[in-house]
>>> print(open('protein_18.cif').read())   # mmCIF, N, CA and C atoms
data_model
loop_
_atom_site.label_atom_id
_atom_site.label_comp_id
_atom_site.auth_asym_id
_atom_site.auth_seq_id
_atom_site.Cartn_x
_atom_site.Cartn_y
_atom_site.Cartn_z
N PRO L 1 -0.85 21.97 -126.41
CA PRO L 1 -0.28 21.80 -127.74
C PRO L 1 0.62 22.94 -128.19
N PHE L 2 0.78 23.97 -127.33
CA PHE L 2 1.67 25.07 -127.71
C PHE L 2 2.28 25.73 -126.48
N ARG L 3 3.39 26.39 -126.73
CA ARG L 3 4.09 27.15 -125.69
C ARG L 3 4.50 28.47 -126.33
N VAL L 4 4.36 29.55 -125.59
CA VAL L 4 4.78 30.87 -126.05
C VAL L 4 5.89 31.35 -125.14
N GLU L 5 7.02 31.73 -125.73
CA GLU L 5 8.16 32.24 -124.97
C GLU L 5 8.49 33.62 -125.50
N ILE L 6 8.93 34.50 -124.62
CA ILE L 6 9.28 35.84 -125.05
C ILE L 6 10.68 36.20 -124.57
N ASP L 7 11.45 36.72 -125.47
CA ASP L 7 12.79 37.22 -125.18
C ASP L 7 12.69 38.74 -125.29
N GLN L 8 12.48 39.39 -124.15
CA GLN L 8 12.28 40.85 -124.16
C GLN L 8 13.54 41.58 -124.62
N GLN L 9 14.71 41.06 -124.28
CA GLN L 9 15.95 41.73 -124.65
C GLN L 9 16.11 41.81 -126.16
N ASP L 10 15.90 40.69 -126.86
CA ASP L 10 16.04 40.66 -128.31
C ASP L 10 14.73 40.91 -129.04
N GLN L 11 13.65 41.06 -128.27
CA GLN L 11 12.32 41.32 -128.80
C GLN L 11 11.89 40.25 -129.81
N ILE L 12 11.96 39.00 -129.34
CA ILE L 12 11.53 37.86 -130.15
C ILE L 12 10.51 37.06 -129.35
N ILE L 13 9.39 36.80 -129.99
CA ILE L 13 8.36 35.96 -129.40
C ILE L 13 8.40 34.63 -130.16
N SER L 14 8.53 33.54 -129.40
CA SER L 14 8.63 32.21 -129.99
C SER L 14 7.38 31.40 -129.68
N PHE L 15 6.91 30.69 -130.69
CA PHE L 15 5.79 29.77 -130.54
C PHE L 15 6.33 28.37 -130.81
N VAL L 16 6.10 27.46 -129.88
CA VAL L 16 6.50 26.07 -130.07
C VAL L 16 5.20 25.26 -130.09
N LEU L 17 4.91 24.67 -131.26
CA LEU L 17 3.64 23.98 -131.46
C LEU L 17 3.87 22.48 -131.55
N SER L 18 2.92 21.69 -131.01
CA SER L 18 3.07 20.24 -131.07
C SER L 18 1.70 19.58 -131.15
N GLY L 19 1.72 18.32 -131.54
CA GLY L 19 0.48 17.56 -131.62
C GLY L 19 -0.40 18.01 -132.77
N THR L 20 -1.67 18.12 -132.49
CA THR L 20 -2.65 18.56 -133.48
C THR L 20 -3.31 19.82 -132.97
N LEU L 21 -3.25 20.87 -133.76
CA LEU L 21 -3.90 22.13 -133.38
C LEU L 21 -5.16 22.32 -134.20
N ASN L 22 -6.22 22.73 -133.54
CA ASN L 22 -7.42 23.10 -134.27
C ASN L 22 -7.41 24.61 -134.50
N ALA L 23 -8.39 25.12 -135.18
CA ALA L 23 -8.43 26.54 -135.51
C ALA L 23 -8.42 27.41 -134.24
N ALA L 24 -9.18 27.02 -133.23
CA ALA L 24 -9.23 27.80 -131.99
C ALA L 24 -7.86 27.85 -131.33
N ASP L 25 -7.13 26.74 -131.34
CA ASP L 25 -5.77 26.72 -130.77
C ASP L 25 -4.87 27.71 -131.49
N MET L 26 -4.95 27.72 -132.82
CA MET L 26 -4.09 28.61 -133.61
C MET L 26 -4.36 30.08 -133.27
N LEU L 27 -5.63 30.42 -133.12
CA LEU L 27 -5.98 31.81 -132.78
C LEU L 27 -5.53 32.14 -131.36
N THR L 28 -5.62 31.16 -130.45
CA THR L 28 -5.16 31.37 -129.08
C THR L 28 -3.65 31.63 -129.03
N VAL L 29 -2.89 30.92 -129.87
CA VAL L 29 -1.45 31.14 -129.94
C VAL L 29 -1.16 32.58 -130.35
N LEU L 30 -1.85 33.06 -131.37
CA LEU L 30 -1.62 34.43 -131.83
C LEU L 30 -2.02 35.45 -130.77
N ASP L 31 -3.12 35.20 -130.08
CA ASP L 31 -3.53 36.08 -128.98
C ASP L 31 -2.48 36.10 -127.87
N ALA L 32 -1.91 34.93 -127.56
CA ALA L 32 -0.88 34.85 -126.51
C ALA L 32 0.35 35.67 -126.90
N GLY L 33 0.71 35.63 -128.16
CA GLY L 33 1.82 36.47 -128.62
C GLY L 33 1.51 37.94 -128.48
N PHE L 34 0.28 38.31 -128.78
CA PHE L 34 -0.16 39.69 -128.66
C PHE L 34 -0.10 40.15 -127.20
N VAL L 35 -0.59 39.32 -126.30
CA VAL L 35 -0.61 39.64 -124.87
C VAL L 35 0.81 39.73 -124.31
N ALA L 36 1.71 38.87 -124.80
CA ALA L 36 3.10 38.85 -124.31
C ALA L 36 3.89 40.08 -124.73
N ALA L 37 3.47 40.71 -125.81
CA ALA L 37 4.22 41.85 -126.35
C ALA L 37 4.02 43.10 -125.51
N THR L 38 5.09 43.86 -125.37
CA THR L 38 5.01 45.16 -124.69
C THR L 38 4.52 46.18 -125.72
N PRO L 39 3.43 46.89 -125.42
CA PRO L 39 2.91 47.87 -126.38
C PRO L 39 3.99 48.88 -126.81
N GLY L 40 4.02 49.15 -128.09
CA GLY L 40 4.95 50.13 -128.62
C GLY L 40 6.27 49.54 -129.10
N LEU L 41 6.58 48.30 -128.74
CA LEU L 41 7.82 47.68 -129.19
C LEU L 41 7.54 46.81 -130.41
N ARG L 42 8.55 46.67 -131.26
CA ARG L 42 8.43 45.82 -132.44
C ARG L 42 9.12 44.49 -132.17
N TYR L 43 8.43 43.41 -132.45
CA TYR L 43 8.93 42.07 -132.20
C TYR L 43 9.14 41.31 -133.49
N ALA L 44 9.99 40.31 -133.42
CA ALA L 44 10.11 39.30 -134.47
C ALA L 44 9.52 38.02 -133.88
N PHE L 45 9.15 37.10 -134.76
CA PHE L 45 8.48 35.89 -134.32
C PHE L 45 9.18 34.66 -134.88
N LEU L 46 9.30 33.66 -134.03
CA LEU L 46 9.90 32.38 -134.42
C LEU L 46 8.90 31.29 -134.05
N SER L 47 8.41 30.58 -135.05
CA SER L 47 7.37 29.59 -134.84
C SER L 47 7.90 28.21 -135.23
N ASP L 48 7.97 27.31 -134.25
CA ASP L 48 8.50 25.97 -134.46
C ASP L 48 7.35 24.99 -134.62
N HIS L 49 7.16 24.52 -135.86
CA HIS L 49 6.06 23.61 -136.18
C HIS L 49 6.52 22.17 -136.37
N ARG L 50 7.77 21.88 -136.03
CA ARG L 50 8.33 20.56 -136.32
C ARG L 50 7.63 19.42 -135.61
N ALA L 51 7.02 19.66 -134.46
CA ALA L 51 6.36 18.60 -133.71
C ALA L 51 4.85 18.51 -133.99
N LEU L 52 4.38 19.28 -134.97
CA LEU L 52 2.96 19.17 -135.34
C LEU L 52 2.72 17.87 -136.08
N GLU L 53 1.60 17.25 -135.80
CA GLU L 53 1.28 15.98 -136.44
C GLU L 53 0.64 16.16 -137.81
N GLU L 54 -0.04 17.28 -138.01
CA GLU L 54 -0.70 17.54 -139.29
C GLU L 54 -0.45 18.98 -139.71
N PRO L 55 -0.31 19.21 -141.01
CA PRO L 55 -0.13 20.59 -141.47
C PRO L 55 -1.43 21.38 -141.33
N ALA L 56 -1.31 22.68 -141.32
CA ALA L 56 -2.49 23.54 -141.32
C ALA L 56 -3.24 23.35 -142.62
N THR L 57 -4.53 23.60 -142.59
CA THR L 57 -5.33 23.57 -143.80
C THR L 57 -5.35 24.98 -144.41
N SER L 58 -5.80 25.09 -145.63
CA SER L 58 -5.88 26.42 -146.25
C SER L 58 -6.87 27.30 -145.49
N ALA L 59 -7.95 26.73 -144.97
CA ALA L 59 -8.91 27.51 -144.18
C ALA L 59 -8.25 28.02 -142.89
N GLN L 60 -7.43 27.20 -142.26
CA GLN L 60 -6.73 27.64 -141.05
C GLN L 60 -5.72 28.73 -141.37
N VAL L 61 -5.02 28.60 -142.48
CA VAL L 61 -4.07 29.64 -142.89
C VAL L 61 -4.81 30.96 -143.09
N SER L 62 -5.97 30.92 -143.71
CA SER L 62 -6.77 32.14 -143.92
C SER L 62 -7.19 32.75 -142.58
N MET L 63 -7.59 31.91 -141.63
CA MET L 63 -7.97 32.43 -140.31
C MET L 63 -6.79 33.05 -139.59
N VAL L 64 -5.62 32.42 -139.69
CA VAL L 64 -4.41 32.97 -139.07
C VAL L 64 -4.10 34.34 -139.66
N LEU L 65 -4.16 34.45 -140.97
CA LEU L 65 -3.89 35.73 -141.63
C LEU L 65 -4.89 36.80 -141.22
N GLN L 66 -6.15 36.43 -141.09
CA GLN L 66 -7.17 37.38 -140.64
C GLN L 66 -6.87 37.86 -139.23
N LYS L 67 -6.51 36.94 -138.35
CA LYS L 67 -6.20 37.30 -136.96
C LYS L 67 -4.96 38.19 -136.89
N VAL L 68 -3.93 37.85 -137.65
CA VAL L 68 -2.72 38.68 -137.68
C VAL L 68 -3.07 40.08 -138.16
N SER L 69 -3.94 40.18 -139.13
CA SER L 69 -4.37 41.48 -139.64
C SER L 69 -5.09 42.28 -138.55
N GLU L 70 -5.90 41.60 -137.76
CA GLU L 70 -6.62 42.26 -136.66
C GLU L 70 -5.66 42.72 -135.56
N LEU L 71 -4.59 41.98 -135.33
CA LEU L 71 -3.62 42.30 -134.28
C LEU L 71 -2.43 43.06 -134.84
N ARG L 72 -2.68 43.87 -135.83
CA ARG L 72 -1.64 44.55 -136.58
C ARG L 72 -0.62 45.29 -135.71
N GLY L 73 -1.05 45.85 -134.61
CA GLY L 73 -0.14 46.61 -133.76
C GLY L 73 1.09 45.83 -133.32
N VAL L 74 0.97 44.52 -133.22
CA VAL L 74 2.09 43.68 -132.81
C VAL L 74 2.76 43.02 -134.02
N TYR L 75 1.97 42.54 -134.95
CA TYR L 75 2.50 41.71 -136.03
C TYR L 75 2.91 42.49 -137.28
N GLU L 76 2.35 43.67 -137.47
CA GLU L 76 2.64 44.43 -138.69
C GLU L 76 4.12 44.82 -138.80
N LYS L 77 4.65 44.73 -139.99
CA LYS L 77 6.04 45.08 -140.30
C LYS L 77 7.03 44.29 -139.46
N SER L 78 6.68 43.05 -139.18
CA SER L 78 7.54 42.17 -138.39
C SER L 78 8.08 41.05 -139.26
N ARG L 79 9.09 40.36 -138.72
CA ARG L 79 9.63 39.15 -139.34
C ARG L 79 9.05 37.96 -138.61
N TRP L 80 8.77 36.91 -139.38
CA TRP L 80 8.22 35.70 -138.79
C TRP L 80 8.90 34.51 -139.45
N ALA L 81 9.75 33.83 -138.70
CA ALA L 81 10.42 32.62 -139.18
C ALA L 81 9.60 31.42 -138.73
N ILE L 82 9.29 30.56 -139.69
CA ILE L 82 8.50 29.36 -139.39
C ILE L 82 9.34 28.14 -139.73
N VAL L 83 9.49 27.23 -138.76
CA VAL L 83 10.29 26.02 -138.96
C VAL L 83 9.35 24.83 -139.08
N VAL L 84 9.49 24.09 -140.18
CA VAL L 84 8.63 22.94 -140.45
C VAL L 84 9.48 21.70 -140.70
N SER L 85 8.83 20.54 -140.65
CA SER L 85 9.57 19.31 -140.94
C SER L 85 8.98 18.53 -142.10
N SER L 86 7.73 18.77 -142.45
CA SER L 86 7.12 17.98 -143.52
C SER L 86 6.92 18.81 -144.79
N PRO L 87 6.94 18.16 -145.93
CA PRO L 87 6.69 18.87 -147.20
C PRO L 87 5.30 19.52 -147.23
N ALA L 88 4.30 18.85 -146.65
CA ALA L 88 2.95 19.42 -146.64
C ALA L 88 2.90 20.71 -145.81
N SER L 89 3.56 20.71 -144.65
CA SER L 89 3.61 21.93 -143.83
C SER L 89 4.36 23.03 -144.55
N TYR L 90 5.43 22.67 -145.23
CA TYR L 90 6.20 23.65 -145.98
C TYR L 90 5.31 24.32 -147.03
N GLY L 91 4.53 23.52 -147.74
CA GLY L 91 3.64 24.06 -148.76
C GLY L 91 2.59 24.99 -148.19
N MET L 92 1.99 24.62 -147.08
CA MET L 92 0.96 25.47 -146.47
C MET L 92 1.57 26.77 -145.94
N MET L 93 2.76 26.69 -145.40
CA MET L 93 3.39 27.92 -144.90
C MET L 93 3.85 28.82 -146.06
N ARG L 94 4.14 28.25 -147.21
CA ARG L 94 4.43 29.07 -148.40
C ARG L 94 3.18 29.87 -148.78
N LEU L 95 2.02 29.25 -148.66
CA LEU L 95 0.76 29.95 -148.91
C LEU L 95 0.61 31.10 -147.92
N LEU L 96 0.88 30.85 -146.65
CA LEU L 96 0.81 31.90 -145.65
C LEU L 96 1.79 33.03 -145.98
N LYS L 97 2.99 32.67 -146.39
CA LYS L 97 4.02 33.66 -146.71
C LYS L 97 3.55 34.63 -147.80
N VAL L 98 3.00 34.08 -148.86
CA VAL L 98 2.56 34.92 -149.99
C VAL L 98 1.50 35.93 -149.54
N HIS L 99 0.55 35.48 -148.75
CA HIS L 99 -0.53 36.37 -148.33
C HIS L 99 -0.12 37.29 -147.17
N ALA L 100 0.82 36.85 -146.35
CA ALA L 100 1.27 37.67 -145.22
C ALA L 100 1.96 38.94 -145.70
N GLU L 101 2.66 38.86 -146.81
CA GLU L 101 3.34 40.05 -147.32
C GLU L 101 2.35 41.15 -147.66
N LYS L 102 1.13 40.78 -148.03
CA LYS L 102 0.10 41.76 -148.37
C LYS L 102 -0.36 42.55 -147.15
N ILE L 103 -0.16 41.98 -145.95
CA ILE L 103 -0.58 42.67 -144.73
C ILE L 103 0.62 43.15 -143.91
N GLY L 104 1.77 43.21 -144.55
CA GLY L 104 2.94 43.81 -143.90
C GLY L 104 3.70 42.90 -142.96
N LEU L 105 3.73 41.63 -143.25
CA LEU L 105 4.46 40.68 -142.41
C LEU L 105 5.44 39.93 -143.30
N GLU L 106 6.72 39.96 -142.93
CA GLU L 106 7.76 39.29 -143.70
C GLU L 106 7.95 37.88 -143.13
N VAL L 107 7.61 36.87 -143.93
CA VAL L 107 7.65 35.48 -143.48
C VAL L 107 8.68 34.71 -144.29
N GLU L 108 9.40 33.83 -143.60
CA GLU L 108 10.30 32.91 -144.28
C GLU L 108 10.13 31.53 -143.63
N ILE L 109 10.21 30.49 -144.44
CA ILE L 109 10.01 29.13 -143.96
C ILE L 109 11.35 28.40 -143.98
N PHE L 110 11.59 27.64 -142.92
CA PHE L 110 12.86 26.93 -142.74
C PHE L 110 12.61 25.49 -142.34
N ARG L 111 13.61 24.66 -142.56
CA ARG L 111 13.61 23.29 -142.04
C ARG L 111 14.61 23.16 -140.89
N ASP L 112 15.44 24.18 -140.70
CA ASP L 112 16.49 24.15 -139.69
C ASP L 112 16.27 25.29 -138.68
N ILE L 113 16.18 24.95 -137.41
CA ILE L 113 15.90 25.95 -136.36
C ILE L 113 17.02 26.97 -136.23
N THR L 114 18.27 26.55 -136.43
CA THR L 114 19.40 27.47 -136.32
C THR L 114 19.35 28.53 -137.42
N GLU L 115 19.05 28.10 -138.64
CA GLU L 115 18.93 29.05 -139.74
C GLU L 115 17.77 30.01 -139.50
N ALA L 116 16.67 29.51 -138.99
CA ALA L 116 15.52 30.36 -138.69
C ALA L 116 15.87 31.39 -137.64
N ASN L 117 16.57 30.97 -136.60
CA ASN L 117 16.99 31.87 -135.53
C ASN L 117 17.89 32.97 -136.06
N THR L 118 18.81 32.62 -136.93
CA THR L 118 19.71 33.61 -137.52
C THR L 118 18.94 34.61 -138.36
N TRP L 119 18.04 34.12 -139.20
CA TRP L 119 17.28 35.00 -140.09
C TRP L 119 16.38 35.95 -139.32
N VAL L 120 15.70 35.43 -138.30
CA VAL L 120 14.72 36.25 -137.58
C VAL L 120 15.40 37.41 -136.83
N ARG L 121 16.66 37.27 -136.54
CA ARG L 121 17.40 38.31 -135.82
C ARG L 121 18.01 39.37 -136.73
N GLN L 122 17.90 39.20 -138.04
CA GLN L 122 18.42 40.19 -138.98
C GLN L 122 17.44 41.36 -139.10
N PRO L 123 17.93 42.50 -139.58
CA PRO L 123 17.02 43.64 -139.77
C PRO L 123 15.89 43.28 -140.73
N ASN L 124 14.75 43.81 -140.45
CA ASN L 124 13.55 43.56 -141.24
C ASN L 124 13.52 44.48 -142.45
N SER L 125 13.34 43.90 -143.62
CA SER L 125 13.29 44.72 -144.83
C SER L 125 12.00 45.52 -144.94
N MET L 126 11.00 45.20 -144.13
CA MET L 126 9.74 45.94 -144.16
C MET L 126 9.69 47.05 -143.12
N SER L 127 10.72 47.18 -142.33
CA SER L 127 10.75 48.23 -141.30
C SER L 127 10.68 49.60 -141.93
N PRO L 128 10.11 50.55 -141.20
CA PRO L 128 10.00 51.92 -141.74
C PRO L 128 11.35 52.57 -141.93
#
>>> encode(input="protein_18.cif", output="structure tokens")
Amino acid sequence: PFRVEIDQQDQIISFVLSGTLNAADMLTVLDAGFVAATPGLRYAFLSDHRALEEPATSAQVSMVLQKVSELRGVYEKSRWAIVVSSPASYGMMRLLKVHAEKIGLEVEIFRDITEANTWVRQPNSMSP
């Protein structure tokens, strides 16, 4: 239900999600991003949720935020572009965005993959 791709040159880790993800799948995706990252480098993240069949629940969003907080060395002070297709997914990712800022992650939600790609490659306003 997911694929993780890494662009070492541009330091972007992409998550492509499809079908239905349960909580364990979501945590596995975040772990895969952590493992793919080269220690000491700062990455941006692009997450494509357009092929998901159901939006995340608020409990799943909370678990994702907890996991991101635990993996701070990779995710902290990073940009994360999330591409969605449904209004329900957009709403849940807005919830994630609000809480992610509290743990040092700059999140923006998009409906267009090209716009997300452009945004994620811009300088991060949370960078030191």
>>> residues_near_point(input="protein_18.cif", point="(5.5, 27.4, -128.1)", cutoff="8 Å", atoms="all atoms listed in the file", output="ChimeraX atom specification")
/L:1-5,14-18,46-48
>>> resolve_selection(input="protein_18.cif", expression="the PyMOL selection byres (((chain L and resi 86 and name CA) around 9) and name CA)", output="PyMOL selection string")
chain L and resi 50+54-55+84-85+87-91+111
>>> closest_residue(input="protein_18.cif", among="L:Ala37, L:Leu65, L:Ala81, L:Met92", to="Arg121 in chain L", atoms="only C-alpha atoms")
L:Ala81
>>> select_by_dssp(input="protein_18.cif", residues="chain L", states="strand (DSSP E)", output="ChimeraX atom specification")
/L:2-7,12-19,44-52,78-83,105-110
>>> axis_aligned_box(input="protein_18.cif", around="range 88-99 of chain L", padding_each_side="4 Å", output="JSON")
{"center_x": 2.8, "center_y": 28.1, "center_z": -146.9, "size_x": 14.7, "size_y": 26.4, "size_z": 14.2}
